[in-house]
$ cat start_4.txt   # compact mmCIF, N, CA and C atoms
# COMPACT_ATOMS: atom_id res chain seq x y z
N MET T 296 100.58 102.00 92.44
CA MET T 296 99.90 102.22 93.71
C MET T 296 100.91 102.66 94.76
N ASN T 297 100.54 103.64 95.54
CA ASN T 297 101.42 104.16 96.58
C ASN T 297 101.54 103.16 97.72
N LYS T 298 102.73 103.07 98.28
CA LYS T 298 103.00 102.23 99.43
C LYS T 298 102.86 103.10 100.68
N LEU T 299 102.11 102.61 101.67
CA LEU T 299 101.97 103.35 102.92
C LEU T 299 103.12 103.00 103.85
N ILE T 300 103.78 104.02 104.34
CA ILE T 300 104.86 103.88 105.31
C ILE T 300 104.34 104.41 106.64
N LEU T 301 104.37 103.57 107.67
CA LEU T 301 103.98 103.99 109.01
C LEU T 301 105.24 104.38 109.77
N ALA T 302 105.35 105.65 110.11
CA ALA T 302 106.53 106.17 110.81
C ALA T 302 106.29 106.09 112.32
N SER T 303 106.08 104.87 112.79
CA SER T 303 105.72 104.67 114.19
C SER T 303 106.12 103.27 114.64
N SER T 304 106.50 103.16 115.90
CA SER T 304 106.79 101.84 116.47
C SER T 304 105.61 101.30 117.26
N SER T 305 104.48 101.98 117.20
CA SER T 305 103.31 101.59 117.99
C SER T 305 102.65 100.33 117.45
N PRO T 306 102.65 99.25 118.23
CA PRO T 306 101.97 98.03 117.80
C PRO T 306 100.47 98.25 117.64
N SER T 307 99.89 99.13 118.45
CA SER T 307 98.45 99.41 118.36
C SER T 307 98.10 100.08 117.04
N ARG T 308 98.91 101.03 116.61
CA ARG T 308 98.65 101.69 115.32
C ARG T 308 98.76 100.70 114.17
N LEU T 309 99.77 99.86 114.23
CA LEU T 309 99.95 98.87 113.18
C LEU T 309 98.75 97.91 113.14
N ARG T 310 98.32 97.43 114.30
CA ARG T 310 97.16 96.51 114.36
C ARG T 310 95.89 97.19 113.84
N LEU T 311 95.72 98.46 114.17
CA LEU T 311 94.55 99.18 113.70
C LEU T 311 94.52 99.25 112.17
N LEU T 312 95.65 99.60 111.58
CA LEU T 312 95.71 99.65 110.12
C LEU T 312 95.49 98.27 109.51
N GLN T 313 96.12 97.25 110.09
CA GLN T 313 95.96 95.90 109.57
C GLN T 313 94.53 95.41 109.69
N SER T 314 93.84 95.80 110.76
CA SER T 314 92.44 95.39 110.92
C SER T 314 91.54 96.03 109.86
N ALA T 315 92.02 97.13 109.27
CA ALA T 315 91.29 97.79 108.18
C ALA T 315 91.74 97.28 106.82
N GLY T 316 92.60 96.26 106.81
CA GLY T 316 93.07 95.68 105.56
C GLY T 316 94.25 96.41 104.95
N ILE T 317 94.90 97.26 105.72
CA ILE T 317 96.06 98.02 105.24
C ILE T 317 97.31 97.44 105.90
N ASN T 318 98.27 97.05 105.09
CA ASN T 318 99.51 96.48 105.61
C ASN T 318 100.68 97.39 105.27
N PRO T 319 100.93 98.37 106.11
CA PRO T 319 101.99 99.35 105.81
C PRO T 319 103.38 98.76 106.06
N GLN T 320 104.34 99.40 105.46
CA GLN T 320 105.73 99.14 105.81
C GLN T 320 106.01 100.00 107.03
N VAL T 321 106.67 99.46 108.03
CA VAL T 321 106.97 100.22 109.24
C VAL T 321 108.41 100.72 109.17
N LEU T 322 108.58 102.02 109.30
CA LEU T 322 109.90 102.64 109.42
C LEU T 322 109.87 103.46 110.71
N VAL T 323 110.54 102.98 111.72
CA VAL T 323 110.53 103.67 113.00
C VAL T 323 111.41 104.91 112.90
N SER T 324 110.85 106.03 113.30
CA SER T 324 111.54 107.32 113.15
C SER T 324 112.69 107.51 114.14
N GLY T 325 112.56 106.96 115.32
CA GLY T 325 113.58 107.15 116.34
C GLY T 325 113.58 108.55 116.94
N VAL T 326 112.51 109.29 116.75
CA VAL T 326 112.39 110.64 117.28
C VAL T 326 112.38 110.60 118.81
N ASP T 327 113.13 111.50 119.43
CA ASP T 327 113.16 111.61 120.89
C ASP T 327 111.92 112.36 121.36
N GLU T 328 110.94 111.60 121.84
CA GLU T 328 109.68 112.21 122.26
C GLU T 328 109.77 112.92 123.60
N GLU T 329 110.88 112.75 124.29
CA GLU T 329 111.06 113.37 125.61
C GLU T 329 112.02 114.56 125.57
N SER T 330 112.37 115.03 124.38
CA SER T 330 113.29 116.16 124.31
C SER T 330 112.64 117.40 124.93
N PRO T 331 113.43 118.28 125.53
CA PRO T 331 112.87 119.48 126.17
C PRO T 331 112.05 120.34 125.21
N GLU T 332 112.45 120.40 123.95
CA GLU T 332 111.72 121.21 122.97
C GLU T 332 110.31 120.66 122.76
N ILE T 333 110.17 119.35 122.83
CA ILE T 333 108.87 118.69 122.62
C ILE T 333 108.04 118.76 123.89
N THR T 334 108.61 118.39 125.02
CA THR T 334 107.85 118.34 126.27
C THR T 334 107.43 119.72 126.77
N ALA T 335 108.05 120.77 126.26
CA ALA T 335 107.67 122.13 126.65
C ALA T 335 106.36 122.57 125.98
N LEU T 336 105.95 121.87 124.93
CA LEU T 336 104.73 122.23 124.21
C LEU T 336 103.48 121.81 124.98
N ALA T 337 102.39 122.49 124.72
CA ALA T 337 101.09 122.06 125.25
C ALA T 337 100.78 120.69 124.65
N PRO T 338 100.12 119.80 125.40
CA PRO T 338 99.85 118.45 124.89
C PRO T 338 99.19 118.43 123.50
N SER T 339 98.25 119.33 123.27
CA SER T 339 97.55 119.34 121.97
C SER T 339 98.49 119.75 120.83
N GLU T 340 99.48 120.56 121.11
CA GLU T 340 100.46 120.96 120.10
C GLU T 340 101.57 119.93 119.97
N MET T 341 101.89 119.28 121.08
CA MET T 341 102.95 118.28 121.10
C MET T 341 102.65 117.13 120.14
N VAL T 342 101.39 116.65 120.12
CA VAL T 342 101.05 115.52 119.26
C VAL T 342 101.20 115.88 117.78
N LEU T 343 100.85 117.11 117.42
CA LEU T 343 101.04 117.54 116.02
C LEU T 343 102.52 117.64 115.68
N ALA T 344 103.29 118.24 116.56
CA ALA T 344 104.73 118.40 116.32
C ALA T 344 105.39 117.04 116.17
N LEU T 345 105.04 116.09 117.03
CA LEU T 345 105.65 114.76 116.94
C LEU T 345 105.21 114.01 115.69
N ALA T 346 103.95 114.13 115.32
CA ALA T 346 103.48 113.46 114.10
C ALA T 346 104.24 113.99 112.88
N ILE T 347 104.40 115.30 112.80
CA ILE T 347 105.11 115.92 111.69
C ILE T 347 106.58 115.51 111.70
N LEU T 348 107.19 115.56 112.87
CA LEU T 348 108.61 115.21 113.00
C LEU T 348 108.85 113.75 112.62
N LYS T 349 107.99 112.86 113.06
CA LYS T 349 108.14 111.44 112.72
C LYS T 349 108.02 111.21 111.22
N ALA T 350 107.02 111.83 110.59
CA ALA T 350 106.83 111.65 109.15
C ALA T 350 108.02 112.20 108.37
N HIS T 351 108.50 113.38 108.75
CA HIS T 351 109.62 113.99 108.03
C HIS T 351 110.93 113.25 108.27
N THR T 352 111.07 112.63 109.42
CA THR T 352 112.31 111.90 109.73
C THR T 352 112.49 110.69 108.81
N VAL T 353 111.42 110.03 108.44
CA VAL T 353 111.55 108.83 107.57
C VAL T 353 111.37 109.16 106.09
N LYS T 354 111.05 110.40 105.77
CA LYS T 354 110.76 110.81 104.40
C LYS T 354 111.88 110.44 103.42
N ASP T 355 113.12 110.66 103.78
CA ASP T 355 114.25 110.39 102.89
C ASP T 355 114.54 108.89 102.74
N LEU T 356 113.97 108.07 103.60
CA LEU T 356 114.18 106.62 103.53
C LEU T 356 113.12 105.92 102.69
N ALA T 357 112.07 106.64 102.33
CA ALA T 357 110.92 106.05 101.66
C ALA T 357 111.03 106.15 100.15
N PRO T 358 110.45 105.16 99.43
CA PRO T 358 110.38 105.27 97.96
C PRO T 358 109.62 106.53 97.54
N ALA T 359 109.95 107.04 96.35
CA ALA T 359 109.43 108.32 95.88
C ALA T 359 107.92 108.37 95.70
N ASP T 360 107.26 107.21 95.61
CA ASP T 360 105.80 107.22 95.42
C ASP T 360 105.05 106.84 96.70
N SER T 361 105.69 106.98 97.84
CA SER T 361 105.11 106.55 99.11
C SER T 361 104.16 107.57 99.71
N LEU T 362 103.28 107.05 100.55
CA LEU T 362 102.49 107.84 101.49
C LEU T 362 103.11 107.58 102.85
N ILE T 363 103.44 108.62 103.57
CA ILE T 363 104.05 108.45 104.89
C ILE T 363 103.08 108.95 105.93
N LEU T 364 102.86 108.12 106.95
CA LEU T 364 101.95 108.47 108.03
C LEU T 364 102.71 108.55 109.35
N GLY T 365 102.74 109.74 109.91
CA GLY T 365 103.31 109.95 111.23
C GLY T 365 102.18 110.24 112.20
N CYS T 366 102.23 109.65 113.39
CA CYS T 366 101.15 109.80 114.37
C CYS T 366 101.72 109.94 115.77
N ASP T 367 100.95 110.57 116.63
CA ASP T 367 101.28 110.59 118.05
C ASP T 367 100.01 110.88 118.84
N SER T 368 99.95 110.33 120.04
CA SER T 368 98.81 110.56 120.94
C SER T 368 99.32 110.82 122.34
N THR T 369 98.52 111.57 123.08
CA THR T 369 98.79 111.75 124.50
C THR T 369 97.48 112.04 125.21
N PHE T 370 97.47 111.75 126.49
CA PHE T 370 96.32 112.05 127.32
C PHE T 370 96.67 113.25 128.18
N GLU T 371 95.82 114.27 128.13
CA GLU T 371 96.03 115.49 128.89
C GLU T 371 95.11 115.52 130.09
N PHE T 372 95.68 115.75 131.26
CA PHE T 372 94.91 115.90 132.49
C PHE T 372 95.45 117.12 133.22
N ASN T 373 94.56 118.06 133.52
CA ASN T 373 94.94 119.31 134.21
C ASN T 373 96.10 120.01 133.51
N GLY T 374 96.07 120.01 132.18
CA GLY T 374 97.08 120.73 131.40
C GLY T 374 98.39 119.99 131.20
N GLN T 375 98.51 118.81 131.79
CA GLN T 375 99.76 118.04 131.69
C GLN T 375 99.55 116.80 130.83
N SER T 376 100.58 116.44 130.10
CA SER T 376 100.56 115.22 129.29
C SER T 376 100.91 114.04 130.18
N LEU T 377 100.02 113.05 130.20
CA LEU T 377 100.29 111.83 130.96
C LEU T 377 100.70 110.74 129.96
N GLY T 378 101.89 110.24 130.12
CA GLY T 378 102.35 109.18 129.24
C GLY T 378 101.75 107.84 129.64
N LYS T 379 102.23 106.80 129.00
CA LYS T 379 101.76 105.45 129.34
C LYS T 379 102.18 105.14 130.78
N PRO T 380 101.31 104.49 131.55
CA PRO T 380 101.66 104.21 132.93
C PRO T 380 102.81 103.21 133.08
N GLU T 381 103.03 102.36 132.10
CA GLU T 381 104.15 101.41 132.05
C GLU T 381 104.08 100.26 133.04
N THR T 382 103.60 100.49 134.28
CA THR T 382 103.52 99.40 135.26
C THR T 382 102.10 99.33 135.82
N LYS T 383 101.77 98.19 136.38
CA LYS T 383 100.45 98.02 136.99
C LYS T 383 100.28 98.98 138.17
N GLU T 384 101.33 99.16 138.95
CA GLU T 384 101.27 100.08 140.10
C GLU T 384 100.98 101.51 139.64
N ASN T 385 101.65 101.94 138.58
CA ASN T 385 101.40 103.28 138.05
C ASN T 385 99.98 103.40 137.51
N ALA T 386 99.49 102.33 136.88
CA ALA T 386 98.12 102.35 136.34
C ALA T 386 97.11 102.47 137.47
N ILE T 387 97.35 101.80 138.59
CA ILE T 387 96.45 101.89 139.74
C ILE T 387 96.48 103.31 140.31
N ASN T 388 97.68 103.87 140.44
CA ASN T 388 97.79 105.25 140.94
C ASN T 388 97.11 106.23 140.00
N ARG T 389 97.24 105.99 138.70
CA ARG T 389 96.57 106.85 137.72
C ARG T 389 95.06 106.71 137.84
N SER T 390 94.58 105.49 138.10
CA SER T 390 93.14 105.27 138.28
C SER T 390 92.62 106.08 139.47
N LYS T 391 93.40 106.13 140.53
CA LYS T 391 93.02 106.94 141.69
C LYS T 391 92.94 108.42 141.31
N LEU T 392 93.95 108.87 140.59
CA LEU T 392 94.03 110.27 140.19
C LEU T 392 92.86 110.68 139.30
N LEU T 393 92.48 109.79 138.38
CA LEU T 393 91.47 110.14 137.37
C LEU T 393 90.05 109.74 137.75
N SER T 394 89.89 109.02 138.83
CA SER T 394 88.56 108.53 139.24
C SER T 394 87.55 109.67 139.33
N GLY T 395 86.48 109.55 138.54
CA GLY T 395 85.42 110.54 138.55
C GLY T 395 85.75 111.84 137.84
N LYS T 396 86.89 111.89 137.19
CA LYS T 396 87.33 113.13 136.52
C LYS T 396 87.38 112.93 135.01
N PHE T 397 87.82 113.94 134.31
CA PHE T 397 87.94 113.85 132.86
C PHE T 397 89.25 114.45 132.39
N GLY T 398 89.61 114.09 131.19
CA GLY T 398 90.78 114.64 130.52
C GLY T 398 90.55 114.60 129.03
N TYR T 399 91.60 114.86 128.27
CA TYR T 399 91.47 114.94 126.82
C TYR T 399 92.51 114.04 126.16
N LEU T 400 92.04 113.22 125.24
CA LEU T 400 92.94 112.39 124.44
C LEU T 400 93.18 113.12 123.12
N HIS T 401 94.43 113.51 122.89
CA HIS T 401 94.80 114.22 121.66
C HIS T 401 95.57 113.25 120.76
N THR T 402 95.25 113.26 119.48
CA THR T 402 95.99 112.47 118.50
C THR T 402 96.32 113.36 117.32
N GLY T 403 97.60 113.37 116.94
CA GLY T 403 98.06 114.13 115.79
C GLY T 403 98.43 113.20 114.66
N HIS T 404 98.13 113.62 113.44
CA HIS T 404 98.47 112.84 112.25
C HIS T 404 99.15 113.75 111.23
N CYS T 405 100.13 113.22 110.56
CA CYS T 405 100.76 113.90 109.44
C CYS T 405 100.87 112.89 108.31
N LEU T 406 100.25 113.19 107.17
CA LEU T 406 100.30 112.32 106.01
C LEU T 406 101.02 113.07 104.89
N ILE T 407 102.09 112.47 104.41
CA ILE T 407 102.86 113.07 103.32
C ILE T 407 102.74 112.18 102.09
N ASP T 408 102.27 112.76 100.99
CA ASP T 408 102.20 112.07 99.70
C ASP T 408 103.42 112.54 98.91
N LEU T 409 104.45 111.70 98.86
CA LEU T 409 105.69 112.10 98.21
C LEU T 409 105.50 112.29 96.70
N LYS T 410 104.67 111.47 96.09
CA LYS T 410 104.45 111.55 94.64
C LYS T 410 103.76 112.87 94.25
N GLN T 411 102.75 113.26 95.03
CA GLN T 411 101.99 114.47 94.74
C GLN T 411 102.60 115.73 95.37
N GLY T 412 103.51 115.54 96.31
CA GLY T 412 104.09 116.68 97.01
C GLY T 412 103.09 117.37 97.94
N ILE T 413 102.21 116.58 98.54
CA ILE T 413 101.16 117.12 99.42
C ILE T 413 101.41 116.65 100.85
N GLU T 414 101.18 117.53 101.80
CA GLU T 414 101.29 117.18 103.21
C GLU T 414 100.03 117.67 103.93
N LEU T 415 99.42 116.77 104.68
CA LEU T 415 98.23 117.09 105.46
C LEU T 415 98.51 116.80 106.92
N THR T 416 98.09 117.71 107.80
CA THR T 416 98.20 117.47 109.24
C THR T 416 96.85 117.73 109.87
N GLU T 417 96.58 116.98 110.91
CA GLU T 417 95.30 117.12 111.61
C GLU T 417 95.46 116.62 113.04
N ARG T 418 94.70 117.23 113.91
CA ARG T 418 94.66 116.77 115.30
C ARG T 418 93.20 116.50 115.64
N SER T 419 92.98 115.42 116.35
CA SER T 419 91.65 115.16 116.89
C SER T 419 91.76 115.11 118.40
N THR T 420 90.70 115.55 119.05
CA THR T 420 90.67 115.58 120.51
C THR T 420 89.34 115.02 120.97
N ALA T 421 89.42 114.12 121.95
CA ALA T 421 88.21 113.54 122.53
C ALA T 421 88.25 113.76 124.04
N LYS T 422 87.16 114.24 124.58
CA LYS T 422 87.04 114.36 126.03
C LYS T 422 86.72 112.97 126.57
N VAL T 423 87.49 112.55 127.57
CA VAL T 423 87.32 111.23 128.17
C VAL T 423 86.90 111.40 129.62
N GLN T 424 85.72 110.91 129.94
CA GLN T 424 85.20 110.97 131.31
C GLN T 424 85.43 109.62 131.98
N PHE T 425 86.02 109.63 133.15
CA PHE T 425 86.28 108.40 133.89
C PHE T 425 85.22 108.20 134.96
N ALA T 426 84.78 106.99 135.10
CA ALA T 426 83.84 106.64 136.16
C ALA T 426 84.55 106.75 137.50
N ALA T 427 83.79 107.00 138.52
CA ALA T 427 84.35 106.99 139.87
C ALA T 427 84.61 105.54 140.25
N VAL T 428 85.83 105.27 140.69
CA VAL T 428 86.22 103.92 141.06
C VAL T 428 86.25 103.84 142.59
N SER T 429 85.68 102.81 143.13
CA SER T 429 85.60 102.69 144.58
C SER T 429 86.97 102.40 145.19
N TYR T 430 87.14 102.86 146.40
CA TYR T 430 88.36 102.61 147.15
C TYR T 430 88.57 101.10 147.31
N THR T 431 87.52 100.35 147.59
CA THR T 431 87.61 98.89 147.75
C THR T 431 88.12 98.24 146.48
N HIS T 432 87.60 98.67 145.34
CA HIS T 432 88.03 98.12 144.05
C HIS T 432 89.52 98.40 143.82
N LEU T 433 89.95 99.63 144.07
CA LEU T 433 91.35 99.99 143.88
C LEU T 433 92.26 99.24 144.84
N ARG T 434 91.84 99.09 146.09
CA ARG T 434 92.64 98.36 147.08
C ARG T 434 92.82 96.90 146.66
N ALA T 435 91.78 96.29 146.09
CA ALA T 435 91.87 94.90 145.64
C ALA T 435 92.93 94.78 144.54
N HIS T 436 92.98 95.74 143.63
CA HIS T 436 93.97 95.71 142.56
C HIS T 436 95.36 96.05 143.07
N GLU T 437 95.45 96.92 144.06
CA GLU T 437 96.75 97.23 144.66
C GLU T 437 97.34 95.99 145.31
N THR T 438 96.50 95.25 146.01
CA THR T 438 96.95 94.02 146.67
C THR T 438 97.48 93.03 145.65
N LYS T 439 96.75 92.86 144.54
CA LYS T 439 97.20 91.96 143.47
C LYS T 439 98.50 92.44 142.86
N ALA T 440 98.67 93.75 142.71
CA ALA T 440 99.87 94.31 142.10
C ALA T 440 101.08 94.09 142.98
N ASN T 441 100.88 94.03 144.28
CA ASN T 441 101.99 93.88 145.22
C ASN T 441 102.36 92.43 145.52
N LEU T 442 101.61 91.49 144.94
CA LEU T 442 101.91 90.07 145.18
C LEU T 442 103.15 89.63 144.43
$ encode --input "start_4.txt" --output "C-alpha cells"
Amino acid sequence: MNKLILASSSPSRLRLLQSAGINPQVLVSGVDEESPEITALAPSEMVLALAILKAHTVKDLAPADSLILGCDSTFEFNGQSLGKPETKENAINRSKLLSGKFGYLHTGHCLIDLKQGIELTERSTAKVQFAAVSYTHLRAHETKANL
C-alpha cells in the first residue's frame, strides 16, 4: 500500500485528511512562498506553481512507493493575492475591505504517484461572497482588539 506524504506545514490540511481517516506522513517542503518568481504570478497560477514545487521538493525524500500531495491556497481580491491576516487587527481591516464584496478562493493540488510515475495537477476556484458588515459591528471588534 502506498504511503501518503503531505508536502505541507498546514495544520488545517493535516486535520482535514485525518478527519477523512487518512494519516499522512508530513514532510515540510520549506518552499519560499514569497519569492519574487512566485509572487509575480497571478493568484490562480501561483497556487498551482506552489503545489507542484512543494510536491517536487519532497519527492527525493519519500519512499519509492509513496503518493506525494502538494497543496496551496490563496484568496484573490481585485486581482491581488491576500495572505493570512495573521493578527486580529489585520482581520478586522480585511473585514472592512471585503464587506459586501466578493473574491475568489483558489486551491492548487499536485499528486505524484512515485510507484506509477504519474503526476496529476488541478486547481479549484470558488467565488466567495461576503456579507455586508455593519460599522457598529466592526467598531465593537476593533475596540476588543485594542484592549
$ select_by_dssp --input "start_4.txt" --residues "range 316-386 of chain T" --states "alpha helix (DSSP H)" --output "MDAnalysis selection string"
chainID T and resid 331:334 338:353 383:386
$ residues_around --input "start_4.txt" --residues "Gly365 in chain T" --least-positions-apart "2" --cutoff "5 Å" --atoms "all atoms listed in the file" --output "JSON, numbers by chain"
{"T": [302, 346, 349, 350, 363, 367, 404, 405]}
$ residues_around --input "start_4.txt" --residues "Phe397 in chain T" --least-positions-apart "6" --cutoff "10 Å" --atoms "only C-alpha atoms" --output "VMD selection string"
chain T and resid 371 to 373 422 to 426
$ residues_near_point --input "start_4.txt" --point "(85.8, 109.6, 138.2)" --cutoff "6 Å" --atoms "all atoms listed in the file" --output "JSON, numbers by chain"
{"T": [393, 394, 395, 396, 425, 426, 427, 428]}
$ closest_residue --input "start_4.txt" --among "T:Asp355, T:Leu299, T:Ala337, T:Asn385" --to "Val321 in chain T" --atoms "only N, CA and C atoms"
T:Leu299
$ select_by_dssp --input "start_4.txt" --residues "range 308-426 of chain T" --states "strand (DSSP E)" --output "VMD selection string"
chain T and resid 320 to 321 362 to 372 375 to 377 397 to 408 413 to 424
$ decode --input "start_4.txt" --residues "range 356-366 of chain T" --atoms "all heavy atoms" --output "PDB file, in the first residue's frame"
ATOM      1  N   LEU T 356      12.910  12.747  -0.945  1.00  0.00           N
ATOM      2  CA  LEU T 356      12.955  12.312   0.457  1.00  0.00           C
ATOM      3  C   LEU T 356      11.965  11.195   0.751  1.00  0.00           C
ATOM      4  O   LEU T 356      11.997  10.601   1.821  1.00  0.00           O
ATOM      5  CB  LEU T 356      12.646  13.508   1.376  1.00  0.00           C
ATOM      6  CG  LEU T 356      13.524  14.744   1.209  1.00  0.00           C
ATOM      7  CD1 LEU T 356      12.978  15.891   2.050  1.00  0.00           C
ATOM      8  CD2 LEU T 356      14.958  14.422   1.597  1.00  0.00           C
ATOM      9  N   ALA T 357      11.080  10.921  -0.189  1.00  0.00           N
ATOM     10  CA  ALA T 357       9.985   9.979   0.033  1.00  0.00           C
ATOM     11  C   ALA T 357      10.347   8.570  -0.422  1.00  0.00           C
ATOM     12  O   ALA T 357      11.106   8.399  -1.379  1.00  0.00           O
ATOM     13  CB  ALA T 357       8.743  10.466  -0.716  1.00  0.00           C
ATOM     14  N   PRO T 358       9.776   7.546   0.249  1.00  0.00           N
ATOM     15  CA  PRO T 358       9.959   6.166  -0.224  1.00  0.00           C
ATOM     16  C   PRO T 358       9.432   6.007  -1.653  1.00  0.00           C
ATOM     17  O   PRO T 358       8.526   6.720  -2.078  1.00  0.00           O
ATOM     18  CB  PRO T 358       9.118   5.343   0.759  1.00  0.00           C
ATOM     19  CG  PRO T 358       9.010   6.198   1.979  1.00  0.00           C
ATOM     20  CD  PRO T 358       9.014   7.616   1.492  1.00  0.00           C
ATOM     21  N   ALA T 359      10.003   5.047  -2.378  1.00  0.00           N
ATOM     22  CA  ALA T 359       9.723   4.871  -3.803  1.00  0.00           C
ATOM     23  C   ALA T 359       8.274   4.535  -4.128  1.00  0.00           C
ATOM     24  O   ALA T 359       7.851   4.707  -5.265  1.00  0.00           O
ATOM     25  CB  ALA T 359      10.643   3.801  -4.377  1.00  0.00           C
ATOM     26  N   ASP T 360       7.504   4.052  -3.147  1.00  0.00           N
ATOM     27  CA  ASP T 360       6.105   3.691  -3.435  1.00  0.00           C
ATOM     28  C   ASP T 360       5.119   4.720  -2.874  1.00  0.00           C
ATOM     29  O   ASP T 360       3.944   4.433  -2.708  1.00  0.00           O
ATOM     30  CB  ASP T 360       5.786   2.302  -2.886  1.00  0.00           C
ATOM     31  CG  ASP T 360       5.898   2.221  -1.374  1.00  0.00           C
ATOM     32  OD1 ASP T 360       6.491   3.134  -0.760  1.00  0.00           O
ATOM     33  OD2 ASP T 360       5.387   1.240  -0.806  1.00  0.00           O
ATOM     34  N   SER T 361       5.586   5.928  -2.622  1.00  0.00           N
ATOM     35  CA  SER T 361       4.759   6.962  -1.989  1.00  0.00           C
ATOM     36  C   SER T 361       3.852   7.689  -2.964  1.00  0.00           C
ATOM     37  O   SER T 361       4.127   7.784  -4.162  1.00  0.00           O
ATOM     38  CB  SER T 361       5.658   8.020  -1.325  1.00  0.00           C
ATOM     39  OG  SER T 361       6.446   7.454  -0.327  1.00  0.00           O
ATOM     40  N   LEU T 362       2.799   8.239  -2.402  1.00  0.00           N
ATOM     41  CA  LEU T 362       1.972   9.253  -3.045  1.00  0.00           C
ATOM     42  C   LEU T 362       2.325  10.560  -2.362  1.00  0.00           C
ATOM     43  O   LEU T 362       2.290  10.648  -1.139  1.00  0.00           O
ATOM     44  CB  LEU T 362       0.484   8.971  -2.847  1.00  0.00           C
ATOM     45  CG  LEU T 362      -0.094   7.744  -3.517  1.00  0.00           C
ATOM     46  CD1 LEU T 362      -1.525   7.515  -3.042  1.00  0.00           C
ATOM     47  CD2 LEU T 362      -0.065   7.915  -5.021  1.00  0.00           C
ATOM     48  N   ILE T 363       2.659  11.565  -3.126  1.00  0.00           N
ATOM     49  CA  ILE T 363       3.032  12.860  -2.543  1.00  0.00           C
ATOM     50  C   ILE T 363       1.969  13.870  -2.916  1.00  0.00           C
ATOM     51  O   ILE T 363       1.599  14.000  -4.082  1.00  0.00           O
ATOM     52  CB  ILE T 363       4.400  13.333  -3.079  1.00  0.00           C
ATOM     53  CG1 ILE T 363       5.469  12.292  -2.727  1.00  0.00           C
ATOM     54  CG2 ILE T 363       4.761  14.693  -2.496  1.00  0.00           C
ATOM     55  CD1 ILE T 363       6.787  12.537  -3.421  1.00  0.00           C
ATOM     56  N   LEU T 364       1.499  14.591  -1.911  1.00  0.00           N
ATOM     57  CA  LEU T 364       0.469  15.606  -2.121  1.00  0.00           C
ATOM     58  C   LEU T 364       1.013  16.984  -1.746  1.00  0.00           C
ATOM     59  O   LEU T 364       1.367  17.220  -0.594  1.00  0.00           O
ATOM     60  CB  LEU T 364      -0.776  15.289  -1.280  1.00  0.00           C
ATOM     61  CG  LEU T 364      -1.942  16.263  -1.394  1.00  0.00           C
ATOM     62  CD1 LEU T 364      -2.469  16.331  -2.828  1.00  0.00           C
ATOM     63  CD2 LEU T 364      -3.053  15.857  -0.425  1.00  0.00           C
ATOM     64  N   GLY T 365       1.097  17.843  -2.748  1.00  0.00           N
ATOM     65  CA  GLY T 365       1.473  19.234  -2.532  1.00  0.00           C
ATOM     66  C   GLY T 365       0.243  20.100  -2.747  1.00  0.00           C
ATOM     67  O   GLY T 365      -0.527  19.850  -3.683  1.00  0.00           O
ATOM     68  N   CYS T 366       0.035  21.081  -1.882  1.00  0.00           N
ATOM     69  CA  CYS T 366      -1.165  21.928  -1.952  1.00  0.00           C
ATOM     70  C   CYS T 366      -0.810  23.374  -1.649  1.00  0.00           C
ATOM     71  O   CYS T 366       0.146  23.649  -0.927  1.00  0.00           O
ATOM     72  CB  CYS T 366      -2.205  21.505  -0.917  1.00  0.00           C
ATOM     73  SG  CYS T 366      -2.616  19.776  -0.891  1.00  0.00           S
TER      74      CYS T 366
END
